[in-house]
Protein chains: 2
Amino acid sequence: MREKPKLETVAKAAGVSTATASQVMRGAGRISDATRQKVLAAAKKLHYVRDGRAAAMRSGENREIGFAIHKIANPFNAEVISGTSDLLETEGYLLSVLDSRDDLTRQRRNLEAFIQSSRGGLLWVPAQDTDETTYDLLAAHGMPTVTFLRRSGKGRFDHVGIENARATAAATNFLADLGHRNIAYLGGVTQFGVRTERIEGYRTAMAARQLGDAIVWDTPDDKMAGLRAMMALHRTHPEITAVVCNGDMVAIGACSAISQLGLVPGQDLSVIGFDDVQDAAIATPPLSTMAVSPYQLGRTLARVALQRIREPDRPTSTTLVPAELVVRGTTGKPR
Amino acid sequence: MREKPKLETVAKAAGVSTATASQVMRGAGRISDATRQKVLAAAKKLHYVRDGRAAAMRSGENREIGFAIHKIANPFNAEVISGTSDLLETEGYLLSVLDSRDDLTRQRRNLEAFIQSSRGGLLWVPAQDTDETTYDLLAAHGMPTVTFLRRSGKGRFDHVGIENARATAAATNFLADLGHRNIAYLGGVTQFGVRTERIEGYRTAMAARQLGDAIVWDTPDDKMAGLRAMMALHRTHPEITAVVCNGDMVAIGACSAISQLGLVPGQDLSVIGFDDVQDAAIATPPLSTMAVSPYQLGRTLARVALQRIREPDRPTSTTLVPAELVVRGTTGKPR
DNA sequence: CAAGCCTGATATATCGTTATACCTCCGTCA
DNA sequence: TGACGGAGGTATAACGATATATCAGGCTTG
């Protein structure tokens, strides 16, 4: 197999200069139709593809965008990624995903490699306990960055997130309206605004309605953890009749726990999730939840990123998307 | 904010040539300790990071590897990605994921951009109905490529997959040993070896044991589809007492259907999944399944890719990983 | 008919590194 | 003492594309 053809090869074959060939390849400049055809034909025959790296290096353009996320495996995240890449693709960008799995070492390595490769922009859900120096790193290199869901970095970056407090307040009020008084909050991890804001909404509602004591129970965001947490919560606080969860995975896990305890979700214990992942509607019983459209969220994220890339000097923005109560089978009047 | 420092800036600050600075930065060549320290100090003070693109362009090295996959959202895939990136990271590579969502246009776009960016290697689960020209594209550019799960490309690429036929045969035999005679096969999409091989194992076992007719029912690989398919299957073939599924997602969906029909999975209808995703153990009832360790599979994939990158001329290899029966709550004797 | 002006194409420098060859000391050894 | 060799550094040409300035002609235009 012969060597990879370069622009020079193509130019020679077409009998023109590399400058001309270059212009033809990217459809720029003033080139006659005849020459254009010649070059294109030669390129096709030689199976030429331009070296994006070299091009990007010279022109400074870069149409690759990275999405550094804390957990690819989370279905909500996967949906977001779909939305983001759909929009970016129509604008001619390529999205590649880096998974940190909430591990700081891994995140650091990913981001450093990312900066070295001089990509066009970064969408970023910071890992838990991300150090301020990591934010500095990105800021220092002028990387167009949008943080997502988890907010930090002293307002140096654009941010896209969810109206968390309002949503959990709505969820809590809904349960209160059904007659529940002992409502707990289940799930979430420390440090980030997501949990803080959601708990704040919950507490505010609990206080405003003069319900029982606010009870917050931490747990990571997956089904297994949710299951265990619900078990423990029920054991220590048997008076609780309803639970607002930090995410659908936790909520579904909690429902499994309730079933395993011989109780019925929605009758003996009400559960509200957050996100409305695809599984939520299919779960047995189907999960009541605060729905945000991850796909739309992903598109919003992409839109913000494009703005930043196109106008690097615009002031940083914050976009918060509302969540909406979807009532399914896991909520009901208390016994 | 001043311009991004380049090697030249660092070299000047340290009072050496760029050649020397370059050698220091990548720890190569013969440099005295004194000079080394000077350069490192200068680099640190200026917050220098080397431009990976330029370096890769000159040296030809490339430590970025892509994983083009048909569906990020599938938890099995997410686990595989974890395994792959863990191993690659320890070898100093960076893994970025491209999601084609089984869409040919999207896949083509991804792969073309990928080739342009001259990455170091590609791990690839081809999208459904992938055209032979797409395989040609990769082969023509000499991109080190390993296909995963779905096999094709006329043996031009290394391949890592699963011992599908043997596994489904084992599953079918297990159900037969329990006393089932009317066993159906549920799920899978056309074209690829995965489904063909699995069905072959099922058919072989059915024939060998002289059981009822082999019944194969197609459906995409997600819970919702599995639910609907099981509903339809039960309506048209009420005699069936056990189902071998093409994947855990389908199996879990099928169990939901069984529950919704007022029946009990494992008692009225037995179900065996494939993959053993994390959800399988948590599902209610917990799912019996053919377990492959996606994490280990991911590591194997990484290992094969590294071999290919290091010895580009070695003959192509095929690695098949066995699956193992895990009995949980969704299988039992027929009524 | 000279001056000006498009149109189509080209020569050349440049992006930020690294590979290669070469150079200068200085010590060693016959 | 002169040849040799290794250690430490440097000059320079790549890598493969694009930006920029420039050029050769043909066509207007006063």
# chains A, B, ... in the order shown; residues from 1 in each chain; ligands from 1
>>> interface_residues(of="chain A", to="chain C", cutoff="8 Å", atoms="only C-alpha atoms (C1' of nucleotides)", output="ChimeraX atom specification")
/A:17,19-20,30-32,57-59
>>> write_last_selection(atoms="N, CA and C atoms", output="CSV table (one decimal), in the first residue's frame")
chain,number,residue,atom,x,y,z
A,17,SER,N,-0.8,24.3,-8.2
A,17,SER,CA,0.0,24.5,-7.0
A,17,SER,C,-0.7,24.0,-5.8
A,19,ALA,N,-1.2,25.7,-3.2
A,19,ALA,CA,-2.1,26.7,-2.7
A,19,ALA,C,-3.5,26.6,-3.4
A,20,THR,N,-3.4,26.4,-4.7
A,20,THR,CA,-4.7,26.2,-5.4
A,20,THR,C,-5.5,25.0,-4.9
A,30,ARG,N,-10.8,32.3,-5.1
A,30,ARG,CA,-11.4,32.4,-6.5
A,30,ARG,C,-10.7,31.4,-7.4
A,31,ILE,N,-11.5,30.4,-7.7
A,31,ILE,CA,-10.9,29.3,-8.6
A,31,ILE,C,-11.9,29.0,-9.7
A,32,SER,N,-11.4,28.9,-10.9
A,32,SER,CA,-12.2,28.6,-12.0
A,32,SER,C,-12.8,27.2,-11.9
A,57,MET,N,-3.8,23.5,12.9
A,57,MET,CA,-2.6,24.1,13.4
A,57,MET,C,-2.3,25.4,12.7
A,58,ARG,N,-2.4,25.4,11.4
A,58,ARG,CA,-2.1,26.6,10.7
A,58,ARG,C,-3.3,27.6,10.8
A,59,SER,N,-4.5,27.1,10.7
A,59,SER,CA,-5.6,28.1,10.6
A,59,SER,C,-6.1,28.5,11.9
>>> residues_around(residues="Gly329 of chain B", least_positions_apart="4", cutoff="12 Å", atoms="only C-alpha atoms (C1' of nucleotides)", output="VMD selection string")
chain B and resid 252 255 264 to 267 269 to 273 280 to 289 333
>>> write_last_selection(atoms="C-alpha atoms", output="PDB file, in the first residue's frame")
ATOM      1  CA  ILE B 252     -35.929  -6.908  31.882  1.00  0.00           C
ATOM      2  CA  CYS B 255     -40.231  -9.381  32.847  1.00  0.00           C
ATOM      3  CA  VAL B 264     -44.851 -14.064  37.808  1.00  0.00           C
ATOM      4  CA  PRO B 265     -41.460 -14.179  36.066  1.00  0.00           C
ATOM      5  CA  GLY B 266     -39.646 -17.374  37.037  1.00  0.00           C
ATOM      6  CA  GLN B 267     -42.871 -19.153  37.875  1.00  0.00           C
ATOM      7  CA  LEU B 269     -42.711 -17.744  32.503  1.00  0.00           C
ATOM      8  CA  SER B 270     -38.954 -18.154  32.703  1.00  0.00           C
ATOM      9  CA  VAL B 271     -36.615 -15.549  31.262  1.00  0.00           C
ATOM     10  CA  ILE B 272     -32.875 -15.622  30.648  1.00  0.00           C
ATOM     11  CA  GLY B 273     -30.995 -12.478  29.672  1.00  0.00           C
ATOM     12  CA  ALA B 280     -29.780  -7.442  36.160  1.00  0.00           C
ATOM     13  CA  ALA B 281     -28.954  -8.245  39.765  1.00  0.00           C
ATOM     14  CA  ILE B 282     -31.155  -5.446  41.096  1.00  0.00           C
ATOM     15  CA  ALA B 283     -34.199  -6.094  38.963  1.00  0.00           C
ATOM     16  CA  THR B 284     -37.284  -7.521  40.665  1.00  0.00           C
ATOM     17  CA  PRO B 285     -37.083 -10.421  40.457  1.00  0.00           C
ATOM     18  CA  PRO B 286     -33.325 -10.495  39.870  1.00  0.00           C
ATOM     19  CA  LEU B 287     -32.566 -11.637  36.369  1.00  0.00           C
ATOM     20  CA  SER B 288     -31.054 -14.963  35.388  1.00  0.00           C
ATOM     21  CA  THR B 289     -28.630 -14.262  32.591  1.00  0.00           C
ATOM     22  CA  LYS B 333     -39.579 -25.250  36.464  1.00  0.00           C
TER      23      LYS B 333
END
>>> select_by_dssp(residues="segment 109-302 of chain B", states="strand (DSSP E)", output="PyMOL selection string")
chain B and resi 121-124+145-148+158-162+183-186+215-217+242-245+270-275+288-291
>>> write_last_selection(atoms="C-alpha atoms", output="short mmCIF file (atom, residue, chain, number, x, y, z; two decimals), in the first residue's frame")
data_model
loop_
_atom_site.label_atom_id
_atom_site.label_comp_id
_atom_site.auth_asym_id
_atom_site.auth_seq_id
_atom_site.Cartn_x
_atom_site.Cartn_y
_atom_site.Cartn_z
CA GLY B 121 -6.39 4.00 16.70
CA LEU B 122 -10.04 3.10 16.52
CA LEU B 123 -12.24 0.76 18.48
CA TRP B 124 -15.42 0.25 16.61
CA THR B 145 -8.84 -0.64 13.93
CA VAL B 146 -10.41 -3.26 16.15
CA THR B 147 -14.03 -4.20 15.58
CA PHE B 148 -16.00 -5.10 18.64
CA ASP B 158 -8.81 -7.44 14.55
CA HIS B 159 -11.96 -8.47 16.32
CA VAL B 160 -13.07 -8.92 19.89
CA GLY B 161 -16.39 -10.56 20.59
CA ILE B 162 -18.35 -13.05 22.62
CA ILE B 183 -38.83 -21.99 24.47
CA ALA B 184 -38.70 -18.85 22.34
CA TYR B 185 -35.88 -16.52 21.41
CA LEU B 186 -36.53 -12.83 21.90
CA ILE B 215 -39.61 -19.37 17.61
CA VAL B 216 -37.59 -16.24 17.04
CA TRP B 217 -39.06 -12.83 17.71
CA ALA B 242 -39.58 -19.83 28.67
CA VAL B 243 -37.71 -17.15 26.76
CA VAL B 244 -34.06 -16.75 25.91
CA CYS B 245 -33.31 -13.07 25.34
CA SER B 270 -38.95 -18.15 32.70
CA VAL B 271 -36.61 -15.55 31.26
CA ILE B 272 -32.87 -15.62 30.65
CA GLY B 273 -31.00 -12.48 29.67
CA PHE B 274 -27.60 -11.89 28.15
CA ASP B 275 -24.76 -9.63 29.35
CA SER B 288 -31.05 -14.96 35.39
CA THR B 289 -28.63 -14.26 32.59
CA MET B 290 -25.60 -15.27 30.55
CA ALA B 291 -22.89 -13.19 32.14
#
>>> atom_distance(atom1="atom CA of Gly52 of chain A", atom2="atom CA of Phe114 of chain B")
9.1 Å
>>> atom_distance(atom1="atom CA of Ser85 of chain A", atom2="atom CA of Asp313 of chain A")
24.0 Å
>>> interface_residues(of="chain D", to="chain A", cutoff="12 Å", atoms="only C-alpha atoms (C1' of nucleotides)", output="CSV table (one decimal) with N, CA and C atoms (P, O5', C5', C4', C3', O3' and C1' of nucleotides), in the first residue's frame")
chain,number,residue,atom,x,y,z
D,15,DC,P,8.5,16.0,5.2
D,15,DC,O5',7.4,15.8,6.2
D,15,DC,C5',7.5,15.2,7.4
D,15,DC,C4',6.4,15.6,8.3
D,15,DC,C3',5.1,16.0,7.6
D,15,DC,O3',4.2,15.0,7.5
D,15,DC,C1',5.7,17.5,9.4
D,16,DG,P,3.6,14.5,6.1
D,16,DG,O5',2.4,15.6,5.8
D,16,DG,C5',1.3,15.5,6.7
D,16,DG,C4',0.6,16.8,6.5
D,16,DG,C3',0.1,17.1,5.1
D,16,DG,O3',-1.2,17.3,5.1
D,16,DG,C1',1.1,19.0,6.1
D,17,DA,P,-2.1,17.5,3.8
D,17,DA,O5',-2.4,19.1,3.8
D,17,DA,C5',-3.6,19.6,4.4
D,17,DA,C4',-3.3,20.8,5.2
D,17,DA,C3',-3.7,22.1,4.5
D,17,DA,O3',-5.1,22.4,4.9
D,17,DA,C1',-1.6,22.3,5.6
D,18,DT,P,-5.9,23.5,4.2
D,18,DT,O5',-5.3,24.9,4.7
D,18,DT,C5',-5.5,25.2,6.1
D,18,DT,C4',-4.9,26.6,6.3
D,18,DT,C3',-5.5,27.7,5.5
D,18,DT,O3',-5.6,28.8,6.4
D,18,DT,C1',-3.2,27.6,5.1
D,19,DA,P,-6.6,30.0,6.1
D,19,DA,O5',-5.6,31.2,6.2
D,19,DA,C5',-4.7,31.3,7.3
D,19,DA,C4',-3.8,32.5,7.1
D,19,DA,C3',-4.4,33.8,6.5
D,19,DA,O3',-3.9,34.9,7.1
D,19,DA,C1',-2.7,33.0,5.0
D,20,DT,P,-4.4,36.3,6.7
D,20,DT,O5',-3.2,36.9,5.7
D,20,DT,C5',-1.9,36.6,6.0
D,20,DT,C4',-1.0,37.1,4.9
D,20,DT,C3',-1.6,38.3,4.1
D,20,DT,O3',-0.7,39.4,4.1
D,20,DT,C1',-0.8,36.6,2.6
>>> closest_atom_pairs(of="chain B", to="chain A", cutoff="6 Å", atoms="only C-alpha atoms", output="Markdown table")
| residue | atom | partner | partner_atom | distance |
| --- | --- | --- | --- | --- |
| B:Asp51 | CA | A:Gln116 | CA | 5.2 |
| B:Gly52 | CA | A:Ser117 | CA | 4.9 |
| B:Arg53 | CA | A:Ser117 | CA | 5.6 |
| B:Ala73 | CA | A:Ala78 | CA | 4.9 |
| B:Pro75 | CA | A:Ala73 | CA | 5.6 |
| B:Ala78 | CA | A:Ala73 | CA | 4.9 |
| B:Ser96 | CA | A:Val97 | CA | 5.3 |
| B:Val97 | CA | A:Val97 | CA | 4.9 |
| B:Leu98 | CA | A:Ser96 | CA | 5.4 |
| B:Gln116 | CA | A:Gly52 | CA | 4.9 |
| B:Ser117 | CA | A:Gly52 | CA | 4.9 |
>>> decode(residues="segment 33-60 of chain A", atoms="N, CA and C atoms", output="PDB file, in the first residue's frame")
ATOM      1  N   ASP A  33     -13.938  27.051 -12.585  1.00  0.00           N
ATOM      2  CA  ASP A  33     -14.619  25.773 -12.473  1.00  0.00           C
ATOM      3  C   ASP A  33     -13.779  24.635 -13.045  1.00  0.00           C
ATOM      4  N   ALA A  34     -13.103  24.919 -14.114  1.00  0.00           N
ATOM      5  CA  ALA A  34     -12.294  23.890 -14.763  1.00  0.00           C
ATOM      6  C   ALA A  34     -11.232  23.357 -13.796  1.00  0.00           C
ATOM      7  N   THR A  35     -10.500  24.276 -13.176  1.00  0.00           N
ATOM      8  CA  THR A  35      -9.438  23.872 -12.255  1.00  0.00           C
ATOM      9  C   THR A  35     -10.028  23.103 -11.083  1.00  0.00           C
ATOM     10  N   ARG A  36     -11.122  23.616 -10.585  1.00  0.00           N
ATOM     11  CA  ARG A  36     -11.770  22.967  -9.455  1.00  0.00           C
ATOM     12  C   ARG A  36     -12.042  21.493  -9.774  1.00  0.00           C
ATOM     13  N   GLN A  37     -12.608  21.264 -10.922  1.00  0.00           N
ATOM     14  CA  GLN A  37     -12.932  19.891 -11.298  1.00  0.00           C
ATOM     15  C   GLN A  37     -11.677  19.027 -11.365  1.00  0.00           C
ATOM     16  N   LYS A  38     -10.648  19.587 -11.968  1.00  0.00           N
ATOM     17  CA  LYS A  38      -9.398  18.834 -12.083  1.00  0.00           C
ATOM     18  C   LYS A  38      -8.893  18.384 -10.711  1.00  0.00           C
ATOM     19  N   VAL A  39      -8.882  19.354  -9.797  1.00  0.00           N
ATOM     20  CA  VAL A  39      -8.357  19.054  -8.466  1.00  0.00           C
ATOM     21  C   VAL A  39      -9.231  18.020  -7.769  1.00  0.00           C
ATOM     22  N   LEU A  40     -10.522  18.234  -7.820  1.00  0.00           N
ATOM     23  CA  LEU A  40     -11.423  17.303  -7.153  1.00  0.00           C
ATOM     24  C   LEU A  40     -11.261  15.894  -7.702  1.00  0.00           C
ATOM     25  N   ALA A  41     -11.115  15.814  -9.021  1.00  0.00           N
ATOM     26  CA  ALA A  41     -10.946  14.501  -9.643  1.00  0.00           C
ATOM     27  C   ALA A  41      -9.678  13.830  -9.121  1.00  0.00           C
ATOM     28  N   ALA A  42      -8.597  14.606  -9.108  1.00  0.00           N
ATOM     29  CA  ALA A  42      -7.330  14.051  -8.636  1.00  0.00           C
ATOM     30  C   ALA A  42      -7.449  13.589  -7.187  1.00  0.00           C
ATOM     31  N   ALA A  43      -8.074  14.416  -6.380  1.00  0.00           N
ATOM     32  CA  ALA A  43      -8.219  14.088  -4.963  1.00  0.00           C
ATOM     33  C   ALA A  43      -8.989  12.786  -4.803  1.00  0.00           C
ATOM     34  N   LYS A  44     -10.034  12.667  -5.575  1.00  0.00           N
ATOM     35  CA  LYS A  44     -10.868  11.474  -5.488  1.00  0.00           C
ATOM     36  C   LYS A  44     -10.064  10.245  -5.888  1.00  0.00           C
ATOM     37  N   LYS A  45      -9.351  10.388  -6.995  1.00  0.00           N
ATOM     38  CA  LYS A  45      -8.607   9.236  -7.498  1.00  0.00           C
ATOM     39  C   LYS A  45      -7.556   8.768  -6.488  1.00  0.00           C
ATOM     40  N   LEU A  46      -6.948   9.717  -5.810  1.00  0.00           N
ATOM     41  CA  LEU A  46      -5.884   9.362  -4.876  1.00  0.00           C
ATOM     42  C   LEU A  46      -6.415   9.039  -3.479  1.00  0.00           C
ATOM     43  N   HIS A  47      -7.730   9.133  -3.311  1.00  0.00           N
ATOM     44  CA  HIS A  47      -8.338   8.928  -1.990  1.00  0.00           C
ATOM     45  C   HIS A  47      -7.734   9.869  -0.952  1.00  0.00           C
ATOM     46  N   TYR A  48      -7.642  11.099  -1.382  1.00  0.00           N
ATOM     47  CA  TYR A  48      -7.038  12.081  -0.481  1.00  0.00           C
ATOM     48  C   TYR A  48      -8.000  12.475   0.640  1.00  0.00           C
ATOM     49  N   VAL A  49      -7.503  12.503   1.876  1.00  0.00           N
ATOM     50  CA  VAL A  49      -8.225  13.204   2.943  1.00  0.00           C
ATOM     51  C   VAL A  49      -7.244  14.155   3.597  1.00  0.00           C
ATOM     52  N   ARG A  50      -7.738  15.336   3.869  1.00  0.00           N
ATOM     53  CA  ARG A  50      -6.804  16.318   4.386  1.00  0.00           C
ATOM     54  C   ARG A  50      -6.468  16.017   5.837  1.00  0.00           C
ATOM     55  N   ASP A  51      -5.294  16.414   6.223  1.00  0.00           N
ATOM     56  CA  ASP A  51      -4.863  16.187   7.591  1.00  0.00           C
ATOM     57  C   ASP A  51      -5.398  17.313   8.464  1.00  0.00           C
ATOM     58  N   GLY A  52      -6.429  16.977   9.217  1.00  0.00           N
ATOM     59  CA  GLY A  52      -7.101  17.982  10.026  1.00  0.00           C
ATOM     60  C   GLY A  52      -6.176  18.657  11.024  1.00  0.00           C
ATOM     61  N   ARG A  53      -5.252  17.892  11.546  1.00  0.00           N
ATOM     62  CA  ARG A  53      -4.336  18.453  12.539  1.00  0.00           C
ATOM     63  C   ARG A  53      -3.523  19.589  11.945  1.00  0.00           C
ATOM     64  N   ALA A  54      -2.911  19.295  10.812  1.00  0.00           N
ATOM     65  CA  ALA A  54      -2.069  20.299  10.177  1.00  0.00           C
ATOM     66  C   ALA A  54      -2.902  21.528   9.819  1.00  0.00           C
ATOM     67  N   ALA A  55      -4.078  21.274   9.285  1.00  0.00           N
ATOM     68  CA  ALA A  55      -4.950  22.382   8.910  1.00  0.00           C
ATOM     69  C   ALA A  55      -5.299  23.220  10.127  1.00  0.00           C
ATOM     70  N   ALA A  56      -5.711  22.530  11.197  1.00  0.00           N
ATOM     71  CA  ALA A  56      -6.107  23.241  12.408  1.00  0.00           C
ATOM     72  C   ALA A  56      -4.936  24.029  12.966  1.00  0.00           C
ATOM     73  N   MET A  57      -3.771  23.453  12.852  1.00  0.00           N
ATOM     74  CA  MET A  57      -2.603  24.102  13.418  1.00  0.00           C
ATOM     75  C   MET A  57      -2.334  25.425  12.718  1.00  0.00           C
ATOM     76  N   ARG A  58      -2.411  25.382  11.416  1.00  0.00           N
ATOM     77  CA  ARG A  58      -2.117  26.602  10.674  1.00  0.00           C
ATOM     78  C   ARG A  58      -3.254  27.614  10.791  1.00  0.00           C
ATOM     79  N   SER A  59      -4.465  27.144  10.653  1.00  0.00           N
ATOM     80  CA  SER A  59      -5.586  28.077  10.561  1.00  0.00           C
ATOM     81  C   SER A  59      -6.122  28.485  11.928  1.00  0.00           C
ATOM     82  N   GLY A  60      -5.799  27.718  12.950  1.00  0.00           N
ATOM     83  CA  GLY A  60      -6.300  28.043  14.281  1.00  0.00           C
ATOM     84  C   GLY A  60      -7.722  27.561  14.505  1.00  0.00           C
TER      85      GLY A  60
END
